[in-house]
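Engineer: Contents are mmCIF, C-alpha atoms; file name coords.cif:
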```cif
data_final
loop_
_atom_site.label_atom_id
_atom_site.label_comp_id
_atom_site.auth_asym_id
_atom_site.auth_seq_id
_atom_site.Cartn_x
_atom_site.Cartn_y
_atom_site.Cartn_z
CA TYR X 877 14.23 11.00 -52.16
CA HIS X 878 13.06 11.03 -55.75
CA VAL X 879 14.56 14.45 -56.48
CA ASP X 880 16.70 15.07 -53.37
CA PRO X 881 20.41 14.83 -54.30
CA CYS X 882 20.78 12.92 -51.02
CA ALA X 883 19.69 9.70 -52.73
CA CYS X 884 22.55 9.80 -55.21
CA GLY X 885 25.25 11.52 -53.23
CA ASP X 886 26.91 12.07 -49.93
CA VAL X 887 25.12 13.18 -46.76
CA SER X 888 26.47 16.69 -47.43
CA ASP X 889 24.20 16.72 -50.51
CA CYS X 890 21.02 16.04 -48.51
CA ALA X 891 18.46 18.84 -48.79
CA GLN X 892 16.92 18.03 -45.40
CA VAL X 893 20.15 17.87 -43.41
CA GLN X 894 20.59 21.04 -41.38
CA SER X 895 22.48 21.11 -38.09
CA ASP X 896 22.38 24.77 -37.08
CA ARG X 897 20.26 24.86 -33.91
CA ASN X 898 20.04 28.65 -34.15
CA GLU X 899 18.50 28.58 -37.63
CA ARG X 900 14.78 28.90 -36.91
CA ARG X 901 13.48 28.97 -40.50
CA TRP X 902 14.08 25.22 -40.90
CA PHE X 903 13.94 22.21 -38.65
CA VAL X 904 17.14 20.74 -37.25
CA MET X 905 18.22 17.38 -38.65
CA PRO X 906 21.99 16.98 -38.24
CA GLY X 907 22.17 13.90 -40.46
CA PRO X 908 20.15 10.96 -41.75
CA ASN X 909 20.89 9.23 -38.41
CA TYR X 910 21.46 11.17 -35.23
CA TYR X 911 20.68 11.46 -31.56
CA VAL X 912 20.24 14.42 -29.23
CA GLU X 913 20.60 14.11 -25.48
CA HIS X 914 18.35 16.06 -23.11
CA PRO X 915 19.76 15.14 -19.68
CA GLU X 916 17.56 17.70 -17.92
CA MET X 917 14.55 15.56 -18.94
CA GLU X 918 16.25 12.14 -18.71
CA LEU X 919 15.51 11.89 -22.43
CA GLU X 920 17.31 11.09 -25.64
CA VAL X 921 15.85 11.59 -29.12
CA ILE X 922 17.07 9.18 -31.80
CA GLY X 923 16.39 9.75 -35.51
CA LEU X 924 16.91 6.81 -37.87
CA ASP X 925 17.05 6.57 -41.67
CA LEU X 926 15.38 3.20 -42.17
CA ASN X 927 14.45 3.60 -45.84
CA LYS X 928 16.39 0.38 -46.39
CA TYR X 929 13.35 -1.43 -44.98
CA GLN X 930 10.63 0.15 -47.13
CA SER X 931 9.90 -3.25 -48.68
CA PRO X 932 11.05 -6.83 -48.03
CA ALA X 933 13.19 -6.59 -51.19
CA GLY X 934 14.95 -3.47 -49.93
CA PRO X 935 14.74 0.17 -50.97
CA ASP X 936 12.34 0.13 -53.92
CA CYS X 937 12.06 3.93 -54.25
CA CYS X 938 15.47 4.05 -55.93
CA GLY X 939 13.94 3.14 -59.28
CA TYR X 940 12.45 6.65 -59.34
CA THR X 941 15.84 8.34 -59.06
CA LYS X 942 18.48 9.07 -61.70
CA CYS X 943 20.94 6.86 -59.82
CA GLU X 944 19.27 3.59 -58.84
CA LYS X 945 22.49 1.73 -57.99
CA ALA X 946 24.02 4.56 -55.92
CA CYS X 947 20.68 5.18 -54.20
CA ARG X 948 20.35 1.53 -53.14
CA LYS X 949 23.93 1.55 -51.85
CA ASN X 950 23.31 4.76 -49.89
CA LEU X 951 20.02 3.62 -48.35
CA ILE X 952 21.44 0.24 -47.36
CA ALA X 953 24.49 1.90 -45.78
CA ARG X 954 22.35 4.48 -43.95
CA GLY X 955 20.04 1.73 -42.70
CA ASP X 956 22.98 -0.30 -41.42
CA GLU X 957 24.37 2.84 -39.76
CA ALA X 958 20.95 3.50 -38.20
CA MET X 959 20.76 0.03 -36.65
CA SER X 960 24.31 0.25 -35.38
CA MET X 961 23.70 3.66 -33.82
CA PHE X 962 20.39 2.54 -32.29
CA ARG X 963 22.07 -0.47 -30.69
CA ASP X 964 24.89 1.72 -29.39
CA ARG X 965 22.41 4.16 -27.85
CA MET X 966 20.42 1.30 -26.29
CA GLN X 967 23.62 0.14 -24.58
CA ASN X 968 25.26 3.46 -23.76
CA SER X 969 22.61 6.12 -23.32
CA PRO X 970 22.20 7.19 -19.70
CA ALA X 971 18.70 8.50 -20.47
CA LYS X 972 15.72 6.89 -18.79
CA ASN X 973 13.51 7.65 -21.81
CA LEU X 974 14.21 7.21 -25.51
CA VAL X 975 12.10 8.79 -28.23
CA VAL X 976 12.97 6.93 -31.43
CA PHE X 977 11.60 7.82 -34.84
CA SER X 978 11.92 7.00 -38.50
CA HIS X 979 9.81 7.30 -41.60
CA TYR X 980 8.35 3.80 -41.26
CA PRO X 981 6.02 2.31 -38.63
CA THR X 982 7.01 -0.86 -36.79
CA ASP X 983 5.06 -3.25 -39.04
CA TYR X 984 7.66 -2.59 -41.76
CA PHE X 985 10.32 -4.30 -39.64
CA GLY X 986 8.98 -7.87 -39.64
CA GLY X 987 12.14 -8.92 -41.48
CA VAL X 988 14.25 -7.46 -38.65
CA PRO X 989 12.82 -9.20 -35.56
CA SER X 990 15.87 -8.25 -33.49
CA PHE X 991 14.98 -4.55 -33.94
CA LEU X 992 11.40 -5.17 -32.81
CA ASP X 993 12.72 -7.10 -29.80
CA GLU X 994 14.99 -4.19 -28.91
CA LEU X 995 12.09 -1.74 -29.18
CA LYS X 996 10.22 -3.96 -26.68
CA ASP X 997 13.11 -4.04 -24.20
CA ASN X 998 12.31 -1.81 -21.24
CA SER X 999 15.02 -3.14 -18.91
CA LYS X 1000 17.11 0.03 -19.21
CA HIS X 1001 14.93 2.59 -21.02
CA HIS X 1002 11.31 3.40 -21.65
CA ILE X 1003 11.02 3.63 -25.44
CA ALA X 1004 8.43 5.53 -27.44
CA TYR X 1005 8.76 4.85 -31.17
CA PHE X 1006 7.14 7.02 -33.83
CA GLY X 1007 6.91 6.11 -37.51
CA GLY X 1008 5.09 7.76 -40.36
CA HIS X 1009 4.56 6.78 -43.99
CA ARG X 1010 0.85 6.00 -43.75
CA HIS X 1011 -1.47 8.97 -43.62
CA ASN X 1012 -3.21 8.11 -40.39
CA THR X 1013 -2.46 8.25 -36.68
CA ASP X 1014 -2.92 5.21 -34.46
CA ASN X 1015 -1.19 2.68 -32.25
CA THR X 1016 -3.14 -0.36 -33.42
CA SER X 1017 -2.04 -0.92 -37.04
CA THR X 1018 1.60 -1.29 -36.03
CA ALA X 1019 3.65 -4.25 -34.78
CA SER X 1020 3.51 -4.22 -31.00
CA THR X 1021 6.48 -3.06 -28.96
CA TRP X 1022 4.79 -3.77 -25.64
CA PRO X 1023 5.63 -3.00 -22.85
CA ASN X 1024 6.95 0.11 -24.62
CA GLN X 1025 4.81 2.20 -26.98
CA ASN X 1026 4.81 2.98 -30.68
CA TRP X 1027 2.65 5.08 -32.95
CA VAL X 1028 2.19 5.67 -36.63
CA VAL X 1029 1.75 9.41 -37.06
CA GLY X 1030 0.58 10.42 -40.51
CA GLY X 1031 2.28 13.14 -42.41
CA GLY X 1032 1.08 16.08 -44.40
CA GLY X 1033 1.47 15.14 -48.02
CA GLY X 1034 2.42 12.36 -50.31
CA PHE X 1035 0.92 10.45 -53.16
CA GLY X 1036 -2.25 8.43 -53.25
CA CYS X 1037 -2.73 5.16 -55.10
CA GLU X 1038 -3.94 7.06 -58.13
CA GLY X 1039 -0.67 9.01 -58.25
CA GLY X 1040 -2.05 12.40 -57.22
CA VAL X 1041 -0.99 14.43 -54.24
CA LEU X 1042 -3.38 13.78 -51.35
CA TYR X 1043 -2.71 16.91 -49.35
CA LYS X 1044 0.05 19.27 -48.36
CA VAL X 1045 0.76 21.23 -45.23
#
```
Mind converting the file's structure to structure tokens?

Structural biologist:
Amino acid sequence: YHVDPCACGDVSDCAQVQSDRNERRWFVMPGPNYYVEHPEMELEVIGLDLNKYQSPAGPDCCGYTKCEKACRKNLIARGDEAMSMFRDRMQNSPAKNLVVFSHYPTDYFGGVPSFLDELKDNSKHHIAYFGGHRHNTDNTSTASTWPNQNWVVGGGGGFGCEGGVLYKV
């Protein structure tokens, strides 16, 4: 987000947004928030932009952009849209299984207990939640979503505490 025009502009400015399923050089991410149904597998994949929740005070990465005010507004709006879409899919998805992911693991959502409660709800769907951010992989450092599952799955890159790049893939 620090250099991606997405932080300061419209979704059409986002470098990572790419919706052409036939384009095989890049991954498919139709928008900051989206879902894809796979009825043949009784599965729905839900991608959420939850950068709004990166700290209890809100999106603190915006101070690194050239547009702090616009960035905060965008991340808050995208986070609100994410929660609204998630709740809609919880109610209306016919899928038996939901794979839900965002950048952040579940322990970042302590200030949104209703979201954690919804991730625990297995009355209509089995939910597997995947978050990243930390550079490790486990299902013990996260806030529980039992009886459903959640994992933190570390990424390939980022900055360490000393400000240097840890690794890249």

Engineer: One decimal, Å: what's the distance from CA of Ala1019 (chain X) over to CA of Glu913 (chain X), could you say?

Structural biologist: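 Going from CA of Ala1019 (chain X) over to CA of Glu913 (chain X), I get 26.7 Å.
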
Engineer: Within 12 Å of Asp993 (chain X), counting all atoms listed in the file, which residues qualify if same-chain residues fewer than 5 places away don't, as a list in words?

Structural biologist: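 So the residues in contact are Arg963, Met966, Thr982, Phe985, Gly986, Gly987, Val988, Asn998, Ser999, Ile1003, Ala1019, Ser1020, Thr1021, Trp1022, Pro1023 and Asn1024 of chain X.
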
Engineer: Between X:His1009, X:Arg948, X:Lys1000, X:Arg965, which has the minimum distance to His979 (chain X) (counting all atoms listed in the file)?

Structural biologist: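 Smallest distance to His979 (chain X) is found for X:His1009.
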
Engineer: Excluding Pro915 (chain X) and residues on its chain fewer than 6 positions from it, collect all residues at most 12 Å away from it, counting only C-alpha atoms, and give them as an MDAnalysis selection string.

Structural biologist: chainID X and resid 921 969:974

Engineer: Determine the residue set returned by the PyMOL selection byres ((chain X and resi 977) around 8) for the present structure, and present it as number ranges by chain.

Structural biologist: X: 922-924, 975-976, 978-979, 1005-1007

Engineer: Create the file for the chosen residues now, containing C-alpha atoms and written as a tab-separated table (two decimals), keeping the file's coordinate frame.

Structural biologist:
```
chain	number	residue	atom	x	y	z
X	922	ILE	CA	17.07	9.18	-31.80
X	923	GLY	CA	16.39	9.75	-35.51
X	924	LEU	CA	16.91	6.81	-37.87
X	975	VAL	CA	12.10	8.79	-28.23
X	976	VAL	CA	12.97	6.93	-31.43
X	978	SER	CA	11.92	7.00	-38.50
X	979	HIS	CA	9.81	7.30	-41.60
X	1005	TYR	CA	8.76	4.85	-31.17
X	1006	PHE	CA	7.14	7.02	-33.83
X	1007	GLY	CA	6.91	6.11	-37.51
```

Engineer: Tell me which of X:Ser990, X:Gln930, X:Cys882, X:Asp997 sits closest to Gln967 (chain X), counting only C-alpha atoms.

Structural biologist: X:Asp997

Engineer: Work out how far apart CA of Cys947 (chain X) and CA of Pro881 (chain X) are and give it in Å to one decimal.

Structural biologist: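 For CA of Cys947 (chain X) relative to CA of Pro881 (chain X), the distance reads 9.7 Å.
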
Engineer: Which is closest to Val904 (chain X) among X:Gly885, X:Ala891, X:Phe962, X:Glu957, if we use all atoms listed in the file?

Structural biologist: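 Selected residue with least distance to Val904 (chain X): X:Ala891.
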
Engineer: When the PyMOL selection byres ((chain X and resi 937) around 12) is applied to the file above, which residues end up in the set, as a list of chain:residue names?

Structural biologist: X:Tyr877, X:His878, X:Val879, X:Ala883, X:Asn927, X:Lys928, X:Tyr929, X:Gln930, X:Ser931, X:Ala933, X:Gly934, X:Pro935, X:Asp936, X:Cys938, X:Gly939, X:Tyr940, X:Thr941, X:Lys942, X:Cys943, X:Glu944, X:Lys945, X:Cys947, X:Arg948, X:Leu951

Engineer: By how many Å are CA of Arg1010 (chain X) and CA of Trp902 (chain X) apart?

Structural biologist: 23.5 Å

Engineer: Contacts of Thr1016 (chain X) at 10 Å or less, counting only C-alpha atoms, minus same-chain residues fewer than 2 places along, as a ChimeraX atom specification?

Structural biologist: /X:1013-1014,1018-1020,1026-1028

Engineer: Quick one: residues within 10 Å of (27.1, 13.0, -44.9) (file frame), counting only C-alpha atoms, please, as a ChimeraX atom specification.

Structural biologist: /X:882,885-890,893,906-909,954

Engineer: First collect every listed atom of region 926-943 of chain X; then fit an axis-aligned box around them, widen it by 3 Å on each side, and give centre and edge lengths in Å to one decimal, as JSON.

Structural biologist:
```
{"center_x": 15.4, "center_y": 1.1, "center_z": -51.9, "size_x": 17.0, "size_y": 21.9, "size_z": 25.5}
```

Engineer: Could you check which of X:Gly955, X:Leu919, X:Pro932, X:Ser960 is closest to His1001 (chain X), using only C-alpha atoms?

Structural biologist: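 Once distances to His1001 (chain X) are computed over only C-alpha atoms, the minimum belongs to X:Leu919.
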